[in-house]
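File shown: structure_23.csv (CSV, C-alpha atoms).
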```csv
chain,number,residue,atom,x,y,z
A,9,MET,CA,12.3,5.6,58.0
A,10,ARG,CA,13.4,4.6,54.5
A,11,TYR,CA,13.1,8.0,52.9
A,12,LYS,CA,14.1,10.2,55.8
A,13,TYR,CA,17.4,11.5,54.4
A,14,LEU,CA,16.5,11.6,50.7
A,15,THR,CA,16.1,15.0,49.1
A,16,HIS,CA,14.1,16.0,46.1
A,17,SER,CA,13.9,19.2,44.1
A,18,LEU,CA,11.0,20.3,42.0
A,19,ARG,CA,13.0,23.0,40.2
A,20,HIS,CA,13.1,20.9,37.0
A,21,THR,CA,9.4,20.1,37.0
A,22,MET,CA,7.9,21.2,33.7
A,23,ILE,CA,4.2,20.6,34.5
A,24,LYS,CA,1.9,23.5,35.4
A,25,ILE,CA,-1.7,23.9,36.3
A,26,ASN,CA,-4.0,24.5,33.3
A,27,GLN,CA,-1.3,23.4,30.8
A,28,LEU,CA,-1.3,20.2,28.8
A,29,ALA,CA,-0.1,17.1,30.6
A,30,PRO,CA,3.1,15.5,29.2
A,31,GLU,CA,2.3,12.7,26.8
A,32,PHE,CA,3.6,9.2,27.3
A,33,CYS,CA,3.4,5.8,25.8
A,34,GLU,CA,4.4,3.0,28.1
A,35,GLU,CA,3.7,-0.6,29.2
A,36,VAL,CA,0.9,-1.3,31.7
A,37,TYR,CA,-0.1,-4.4,33.5
A,38,HIS,CA,-3.9,-4.5,33.2
A,39,ASN,CA,-6.5,-7.3,33.1
A,40,ASP,CA,-3.8,-10.0,33.3
A,41,GLU,CA,-2.0,-8.7,30.2
A,42,ILE,CA,0.9,-6.4,29.4
A,43,LYS,CA,0.2,-3.8,26.7
A,44,ARG,CA,1.2,-0.3,25.8
A,45,VAL,CA,-1.0,2.7,26.5
A,46,SER,CA,-0.6,6.4,25.9
A,47,LEU,CA,-2.2,9.4,27.6
A,48,ALA,CA,-3.9,10.2,24.3
A,49,ASP,CA,-5.8,6.9,24.6
A,50,TYR,CA,-7.8,8.5,27.4
A,51,LYS,CA,-8.8,11.7,25.7
A,52,GLY,CA,-12.4,12.5,26.6
A,53,LYS,CA,-12.0,11.1,30.1
A,54,TRP,CA,-10.7,12.5,33.4
A,55,VAL,CA,-7.4,10.8,34.4
A,56,VAL,CA,-5.7,10.3,37.8
A,57,LEU,CA,-2.0,9.5,37.5
A,58,PHE,CA,-1.2,8.0,40.9
A,59,PHE,CA,2.6,7.9,41.3
A,60,TYR,CA,4.0,5.7,44.1
A,61,PRO,CA,7.5,4.6,45.1
A,62,ALA,CA,7.6,0.8,44.4
A,63,ASP,CA,5.9,-2.5,44.4
A,64,PHE,CA,6.3,-4.9,47.3
A,65,THR,CA,6.5,-2.1,49.8
A,66,PHE,CA,4.4,-1.0,52.8
A,67,VAL,CA,2.3,2.2,52.4
A,68,CYS,CA,1.9,1.7,48.7
A,69,PRO,CA,-0.4,-1.3,48.9
A,70,THR,CA,-2.7,0.4,51.3
A,71,GLU,CA,-3.1,3.3,48.9
A,72,LEU,CA,-3.5,1.1,45.8
A,73,SER,CA,-6.1,-1.0,47.7
A,74,ASP,CA,-8.1,2.1,48.6
A,75,LEU,CA,-8.2,3.1,45.0
A,76,ALA,CA,-9.2,-0.4,44.0
A,77,ASP,CA,-12.1,-0.3,46.5
A,78,LYS,CA,-13.2,3.1,45.1
A,79,TYR,CA,-12.6,2.3,41.4
A,80,LYS,CA,-16.2,2.1,40.6
A,81,GLN,CA,-16.8,5.6,41.9
A,82,PHE,CA,-14.0,6.9,39.8
A,83,LYS,CA,-15.5,5.2,36.7
A,84,GLU,CA,-18.9,6.8,37.5
A,85,LEU,CA,-17.1,10.2,37.2
A,86,ASN,CA,-15.8,9.3,33.7
A,87,CYS,CA,-12.4,9.0,35.3
A,88,GLU,CA,-9.6,6.4,34.7
A,89,VAL,CA,-7.0,5.7,37.4
A,90,ILE,CA,-3.5,4.8,36.3
A,91,SER,CA,-1.0,3.9,39.0
A,92,VAL,CA,2.7,4.6,38.1
A,93,SER,CA,5.9,3.3,39.6
A,94,THR,CA,9.4,2.7,38.2
A,95,ASP,CA,9.0,-1.1,38.4
A,96,ARG,CA,8.7,-3.1,35.2
A,97,ALA,CA,5.4,-4.5,34.1
A,98,PHE,CA,6.5,-8.0,35.0
A,99,VAL,CA,7.0,-6.9,38.6
A,100,HIS,CA,3.5,-5.5,38.6
A,101,LYS,CA,2.2,-8.9,37.5
A,102,ALA,CA,4.3,-10.8,40.1
A,103,TRP,CA,3.0,-8.5,42.8
A,104,HIS,CA,-0.6,-9.1,41.6
A,105,ASP,CA,-0.1,-12.8,41.6
A,106,VAL,CA,1.2,-13.1,45.2
A,107,SER,CA,-0.8,-10.4,47.0
A,108,ASP,CA,-4.6,-10.6,47.7
A,109,THR,CA,-4.6,-6.9,48.2
A,110,ILE,CA,-3.1,-6.1,44.7
A,111,LYS,CA,-5.4,-8.8,43.1
A,112,LYS,CA,-8.3,-6.4,43.7
A,113,ILE,CA,-6.8,-3.8,41.3
A,114,GLN,CA,-8.7,-3.4,38.0
A,115,TYR,CA,-7.1,-0.2,36.8
A,116,PRO,CA,-3.9,-0.1,34.7
A,117,MET,CA,-0.6,-0.2,36.5
A,118,LEU,CA,2.0,1.7,34.4
A,119,ALA,CA,5.6,0.6,34.3
A,120,ASP,CA,8.2,3.4,34.1
A,121,PRO,CA,11.6,1.6,34.4
A,122,THR,CA,13.3,4.2,32.2
A,123,HIS,CA,12.0,7.0,34.6
A,124,SER,CA,10.8,9.0,31.6
A,125,VAL,CA,7.3,9.5,32.9
A,126,CYS,CA,8.4,10.3,36.5
A,127,LYS,CA,10.9,12.8,35.1
A,128,ALA,CA,8.3,14.4,32.8
A,129,TYR,CA,6.0,14.9,35.8
A,130,GLY,CA,8.7,15.9,38.3
A,131,THR,CA,8.2,13.0,40.7
A,132,LEU,CA,11.6,11.1,40.4
A,133,ILE,CA,13.8,10.8,43.4
A,134,GLU,CA,17.2,10.7,41.6
A,135,ASP,CA,19.0,9.1,44.6
A,136,VAL,CA,17.1,5.8,44.4
A,137,GLY,CA,15.3,5.8,41.1
A,138,GLU,CA,11.9,5.8,42.7
A,139,SER,CA,9.0,8.1,42.6
A,140,LEU,CA,7.5,10.4,45.2
A,141,ARG,CA,3.9,9.9,46.1
A,142,ALA,CA,2.2,12.3,43.6
A,143,THR,CA,-1.3,12.7,42.4
A,144,ILE,CA,-2.0,14.4,39.0
A,145,ILE,CA,-5.6,15.0,37.9
A,146,ILE,CA,-6.0,15.6,34.2
A,147,ASN,CA,-9.2,16.8,32.5
A,148,PRO,CA,-10.8,15.3,29.3
A,149,GLU,CA,-8.9,17.8,27.1
A,150,GLY,CA,-5.5,16.6,28.6
A,151,VAL,CA,-5.1,19.7,30.8
A,152,ILE,CA,-3.7,19.4,34.4
A,153,LYS,CA,-6.1,20.6,37.0
A,154,VAL,CA,-4.5,19.2,40.2
A,155,PHE,CA,-1.0,18.1,41.1
A,156,GLU,CA,0.2,17.2,44.6
A,157,TYR,CA,3.5,15.8,45.9
A,158,HIS,CA,3.8,14.0,49.2
A,159,ASP,CA,6.7,12.8,51.4
A,160,ASN,CA,6.8,9.1,50.9
A,161,ASP,CA,6.0,8.4,54.5
A,162,ILE,CA,2.6,10.0,54.1
A,163,GLY,CA,-0.3,8.0,52.6
A,164,ARG,CA,-3.0,9.7,50.6
A,165,ASN,CA,-6.8,9.7,50.9
A,166,GLY,CA,-8.9,8.3,48.0
A,167,ASP,CA,-12.0,10.1,49.1
A,168,GLU,CA,-10.2,13.4,48.9
A,169,ILE,CA,-9.0,12.6,45.3
A,170,LEU,CA,-12.6,11.8,44.4
A,171,ARG,CA,-13.8,15.1,46.0
A,172,LYS,CA,-11.3,17.1,44.0
A,173,ILE,CA,-12.4,15.5,40.7
A,174,GLN,CA,-16.0,16.3,41.6
A,175,ALA,CA,-15.1,19.9,42.4
A,176,ALA,CA,-13.1,20.3,39.1
A,177,GLN,CA,-16.0,18.8,37.2
A,178,PHE,CA,-18.6,21.1,38.8
A,179,SER,CA,-16.4,24.2,38.2
A,180,ALA,CA,-15.9,23.2,34.6
A,181,LYS,CA,-19.6,22.7,34.0
A,182,HIS,CA,-21.1,25.6,35.9
A,183,GLY,CA,-18.3,28.3,35.9
A,184,GLU,CA,-18.5,28.6,39.7
A,185,VAL,CA,-15.8,27.9,42.3
A,186,CYS,CA,-15.9,25.5,45.1
A,187,PRO,CA,-14.9,26.7,48.6
A,188,MET,CA,-13.0,24.8,51.3
A,189,ASN,CA,-14.3,21.3,52.0
A,190,TRP,CA,-16.9,21.6,49.3
A,191,LYS,CA,-18.8,18.4,48.5
A,192,PRO,CA,-21.5,17.7,45.8
A,193,GLY,CA,-24.8,19.3,46.7
A,194,GLU,CA,-23.2,22.1,48.9
A,195,LYS,CA,-23.1,25.8,48.0
A,196,THR,CA,-20.6,27.1,45.6
A,197,LEU,CA,-19.5,30.7,44.8
A,198,LYS,CA,-19.9,32.8,41.7
A,199,PRO,CA,-16.9,35.2,41.6
A,200,GLY,CA,-17.8,38.8,41.4
A,201,LEU,CA,-17.4,42.3,42.9
A,202,ASP,CA,-20.4,41.8,45.1
A,203,LEU,CA,-18.6,39.1,47.0
A,204,VAL,CA,-15.5,41.2,47.7
A,205,GLY,CA,-15.1,41.6,51.5
A,206,LYS,CA,-18.2,39.6,52.3
A,207,ILE,CA,-16.8,36.1,52.7
```
Output the file's structure as structure tokens, nothing else.
Amino acid sequence: MRYKYLTHSLRHTMIKINQLAPEFCEEVYHNDEIKRVSLADYKGKWVVLFFYPADFTFVCPTELSDLADKYKQFKELNCEVISVSTDRAFVHKAWHDVSDTIKKIQYPMLADPTHSVCKAYGTLIEDVGESLRATIIINPEGVIKVFEYHDNDIGRNGDEILRKIQAAQFSAKHGEVCPMNWKPGEKTLKPGLDLVGKI
């Protein structure tokens, strides 16, 4: 496989759970135009930064298509999806123009040709100048609640990303915690001494 012998170290990653997400201001391809956006533009919303290796590849369009199909569900959760790769914005447009799969995308596709965003979030594979598959979930205050890194041979699950946003939102609102495989409507837990040893 393409990435079999590549190595990646997270020792330089600066991001941490429950700390502010690194700011950025970069070009995106969105709604048939190229413009600059910053993370601060989305204050008050949940944000999913969806890092992927490159345009015109294989697993990537299956993931981006899945997010496109579920984009309405993300929006209903007051959440913006921003895909991120090291391609230029013009390449995002070219891919959009030739691929029926990518034409479905309505969320911003961020361009990171200088690798500054990937470096800030610890996703850059230095050997090839591409990103790992990584998913960062940021709350409306700009605080990181979830980050996950994948080997690039392993595609992600859009339903699971939605579930994690729902769990994070429930916990933030109610002060309770969500157990394994929790879904909206199911039981949560209220941490306390009375639960110690009883779960």
statement: Using all atoms listed in the file, the shortest atom-to-atom distance to A:Asn189 among A:Ile23, A:Ala119, A:Glu168, A:Ala176 belongs to A:Glu168
task: Using all atoms listed in the file, pick whichever of A:Trp54, A:Lys127, A:Ala29, A:Asp135 has the shortest atom-to-atom distance to A:Gln177.
output: A:Trp54
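Nearest residue to A:Leu47 among A:Lys195, A:Val106, A:Glu34, A:Asp95 is A:Glu34, counting all atoms listed in the file.
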message: Can you measure atom CA of A:Glu138 to atom CA of A:Leu57 for me? One decimal in Å is fine.
response: 15.3 Å
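Among the candidates A:Lys112, A:His158, A:Lys153, A:Arg171, the residue lying nearest to A:Ser139 is A:His158 (atoms considered: all atoms listed in the file).
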message: For a test of reading the model, state the distance in Å between atom CA of A:Ala62 and atom CA of A:Ile173, rounded to one decimal.
response: 25.1 Å
message: Which residues are close to A:Leu170, i.e. within 10 Å by all atoms listed in the file, leaving aside same-chain residues fewer than 6 positions away? Reply as number ranges by chain.
response: A: 56, 75, 78-79, 81-82, 85, 87, 191
- request: Could you give me, as a PyMOL selection string, the residues that sit within 8 Å of (-3.3, 0.9, 35.5) in the file's coordinates, counting only C-alpha atoms?
  value: chain A and resi 36-38+89-92+114-118
task: Pick out the closest residue to A:Ile113 from this set: A:Ala76, A:Val154, A:Ile133, A:Ile146. Count only C-alpha atoms.
output: A:Ala76
task: Within 8 Å of A:Phe59, counting all atoms listed in the file, which residues show up once you throw out same-chain ones fewer than 6 positions away? Write them as a VMD selection string, please.
output: chain A and resid 91 to 93 126 131 139 to 143
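Here atom CA of A:Leu132 is placed at a distance of 26.8 Å from atom CA of A:Asn39.
Between A:Phe155 and the residues A:Lys101, A:Lys181, A:Lys51, A:Lys24, the shortest atom-to-atom distance, using only C-alpha atoms, involves A:Lys24.
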task: Might you pull out every residue within 10 Å of A:Ala102, with all atoms listed in the file counted and same-chain residues fewer than 5 positions away left off, and present them as JSON, numbers by chain?
output: {"A": [63, 64, 97, 107, 110]}
task: Find the spatial neighbours of A:Pro187, counting only C-alpha atoms, within a cut-off of 12 Å - ignore same-chain residues fewer than 5 positions away - and output them as a PyMOL selection string.
output: chain A and resi 171-172+175-176+178-179+192+194-199+207
Pull C-alpha atoms for stretch 21-98 of chain A from the block and write them as a PDB file, in the first residue's frame.
```pdb
ATOM      1  CA  THR A  21       1.878  17.756  18.450  1.00  0.00           C
ATOM      2  CA  MET A  22       0.864  20.767  20.491  1.00  0.00           C
ATOM      3  CA  ILE A  23      -2.868  20.157  20.703  1.00  0.00           C
ATOM      4  CA  LYS A  24      -4.455  18.801  23.853  1.00  0.00           C
ATOM      5  CA  ILE A  25      -7.961  17.885  24.926  1.00  0.00           C
ATOM      6  CA  ASN A  26      -9.790  20.763  26.629  1.00  0.00           C
ATOM      7  CA  GLN A  27      -7.321  23.358  25.369  1.00  0.00           C
ATOM      8  CA  LEU A  28      -7.911  25.994  22.701  1.00  0.00           C
ATOM      9  CA  ALA A  29      -7.570  24.779  19.133  1.00  0.00           C
ATOM     10  CA  PRO A  30      -4.781  26.422  17.104  1.00  0.00           C
ATOM     11  CA  GLU A  31      -6.056  29.364  15.079  1.00  0.00           C
ATOM     12  CA  PHE A  32      -5.662  29.480  11.301  1.00  0.00           C
ATOM     13  CA  CYS A  33      -6.577  31.719   8.394  1.00  0.00           C
ATOM     14  CA  GLU A  34      -6.386  29.914   5.057  1.00  0.00           C
ATOM     15  CA  GLU A  35      -8.026  29.630   1.661  1.00  0.00           C
ATOM     16  CA  VAL A  36     -10.994  27.331   1.176  1.00  0.00           C
ATOM     17  CA  TYR A  37     -12.894  26.224  -1.894  1.00  0.00           C
ATOM     18  CA  HIS A  38     -16.576  26.626  -1.012  1.00  0.00           C
ATOM     19  CA  ASN A  39     -19.748  27.239  -3.005  1.00  0.00           C
ATOM     20  CA  ASP A  40     -17.769  27.574  -6.235  1.00  0.00           C
ATOM     21  CA  GLU A  41     -15.491  30.300  -4.935  1.00  0.00           C
ATOM     22  CA  ILE A  42     -12.113  30.579  -3.270  1.00  0.00           C
ATOM     23  CA  LYS A  43     -11.970  32.706  -0.129  1.00  0.00           C
ATOM     24  CA  ARG A  44     -10.099  32.919   3.161  1.00  0.00           C
ATOM     25  CA  VAL A  45     -11.579  31.695   6.419  1.00  0.00           C
ATOM     26  CA  SER A  46     -10.308  31.521   9.973  1.00  0.00           C
ATOM     27  CA  LEU A  47     -11.269  29.254  12.836  1.00  0.00           C
ATOM     28  CA  ALA A  48     -12.545  32.363  14.625  1.00  0.00           C
ATOM     29  CA  ASP A  49     -15.192  32.743  11.898  1.00  0.00           C
ATOM     30  CA  TYR A  50     -16.943  29.712  13.385  1.00  0.00           C
ATOM     31  CA  LYS A  51     -17.033  30.818  17.014  1.00  0.00           C
ATOM     32  CA  GLY A  52     -20.398  29.797  18.464  1.00  0.00           C
ATOM     33  CA  LYS A  53     -20.508  26.634  16.335  1.00  0.00           C
ATOM     34  CA  TRP A  54     -19.124  23.171  16.741  1.00  0.00           C
ATOM     35  CA  VAL A  55     -16.444  22.438  14.147  1.00  0.00           C
ATOM     36  CA  VAL A  56     -15.138  19.195  12.682  1.00  0.00           C
ATOM     37  CA  LEU A  57     -11.710  19.550  11.086  1.00  0.00           C
ATOM     38  CA  PHE A  58     -11.461  16.541   8.805  1.00  0.00           C
ATOM     39  CA  PHE A  59      -7.846  16.058   7.693  1.00  0.00           C
ATOM     40  CA  TYR A  60      -7.163  13.726   4.756  1.00  0.00           C
ATOM     41  CA  PRO A  61      -4.078  12.948   2.624  1.00  0.00           C
ATOM     42  CA  ALA A  62      -4.816  14.317  -0.844  1.00  0.00           C
ATOM     43  CA  ASP A  63      -7.298  15.055  -3.608  1.00  0.00           C
ATOM     44  CA  PHE A  64      -7.631  12.634  -6.549  1.00  0.00           C
ATOM     45  CA  THR A  65      -6.969   9.606  -4.341  1.00  0.00           C
ATOM     46  CA  PHE A  66      -8.930   6.517  -3.330  1.00  0.00           C
ATOM     47  CA  VAL A  67     -10.162   6.286   0.260  1.00  0.00           C
ATOM     48  CA  CYS A  68     -10.461  10.082   0.579  1.00  0.00           C
ATOM     49  CA  PRO A  69     -13.427  10.536  -1.787  1.00  0.00           C
ATOM     50  CA  THR A  70     -15.371   7.794   0.004  1.00  0.00           C
ATOM     51  CA  GLU A  71     -14.928   9.655   3.299  1.00  0.00           C
ATOM     52  CA  LEU A  72     -15.688  13.102   1.887  1.00  0.00           C
ATOM     53  CA  SER A  73     -18.756  11.719   0.122  1.00  0.00           C
ATOM     54  CA  ASP A  74     -20.040  10.219   3.365  1.00  0.00           C
ATOM     55  CA  LEU A  75     -19.680  13.581   5.111  1.00  0.00           C
ATOM     56  CA  ALA A  76     -21.444  15.274   2.192  1.00  0.00           C
ATOM     57  CA  ASP A  77     -24.362  12.844   2.527  1.00  0.00           C
ATOM     58  CA  LYS A  78     -24.569  13.578   6.276  1.00  0.00           C
ATOM     59  CA  TYR A  79     -23.857  17.306   6.067  1.00  0.00           C
ATOM     60  CA  LYS A  80     -27.452  18.249   6.863  1.00  0.00           C
ATOM     61  CA  GLN A  81     -27.216  16.228  10.091  1.00  0.00           C
ATOM     62  CA  PHE A  82     -24.048  18.067  11.070  1.00  0.00           C
ATOM     63  CA  LYS A  83     -25.719  21.414  10.391  1.00  0.00           C
ATOM     64  CA  GLU A  84     -28.683  20.406  12.564  1.00  0.00           C
ATOM     65  CA  LEU A  85     -26.184  19.976  15.411  1.00  0.00           C
ATOM     66  CA  ASN A  86     -24.912  23.553  14.890  1.00  0.00           C
ATOM     67  CA  CYS A  87     -21.736  22.043  13.474  1.00  0.00           C
ATOM     68  CA  GLU A  88     -19.586  23.042  10.502  1.00  0.00           C
ATOM     69  CA  VAL A  89     -17.442  20.502   8.692  1.00  0.00           C
ATOM     70  CA  ILE A  90     -14.160  21.683   7.181  1.00  0.00           C
ATOM     71  CA  SER A  91     -12.094  19.193   5.218  1.00  0.00           C
ATOM     72  CA  VAL A  92      -8.334  19.834   5.164  1.00  0.00           C
ATOM     73  CA  SER A  93      -5.583  18.620   2.855  1.00  0.00           C
ATOM     74  CA  THR A  94      -2.255  20.018   1.676  1.00  0.00           C
ATOM     75  CA  ASP A  95      -3.612  20.562  -1.852  1.00  0.00           C
ATOM     76  CA  ARG A  96      -4.094  24.103  -3.147  1.00  0.00           C
ATOM     77  CA  ALA A  97      -7.616  25.531  -3.392  1.00  0.00           C
ATOM     78  CA  PHE A  98      -7.402  25.374  -7.212  1.00  0.00           C
TER      79      PHE A  98
END
```
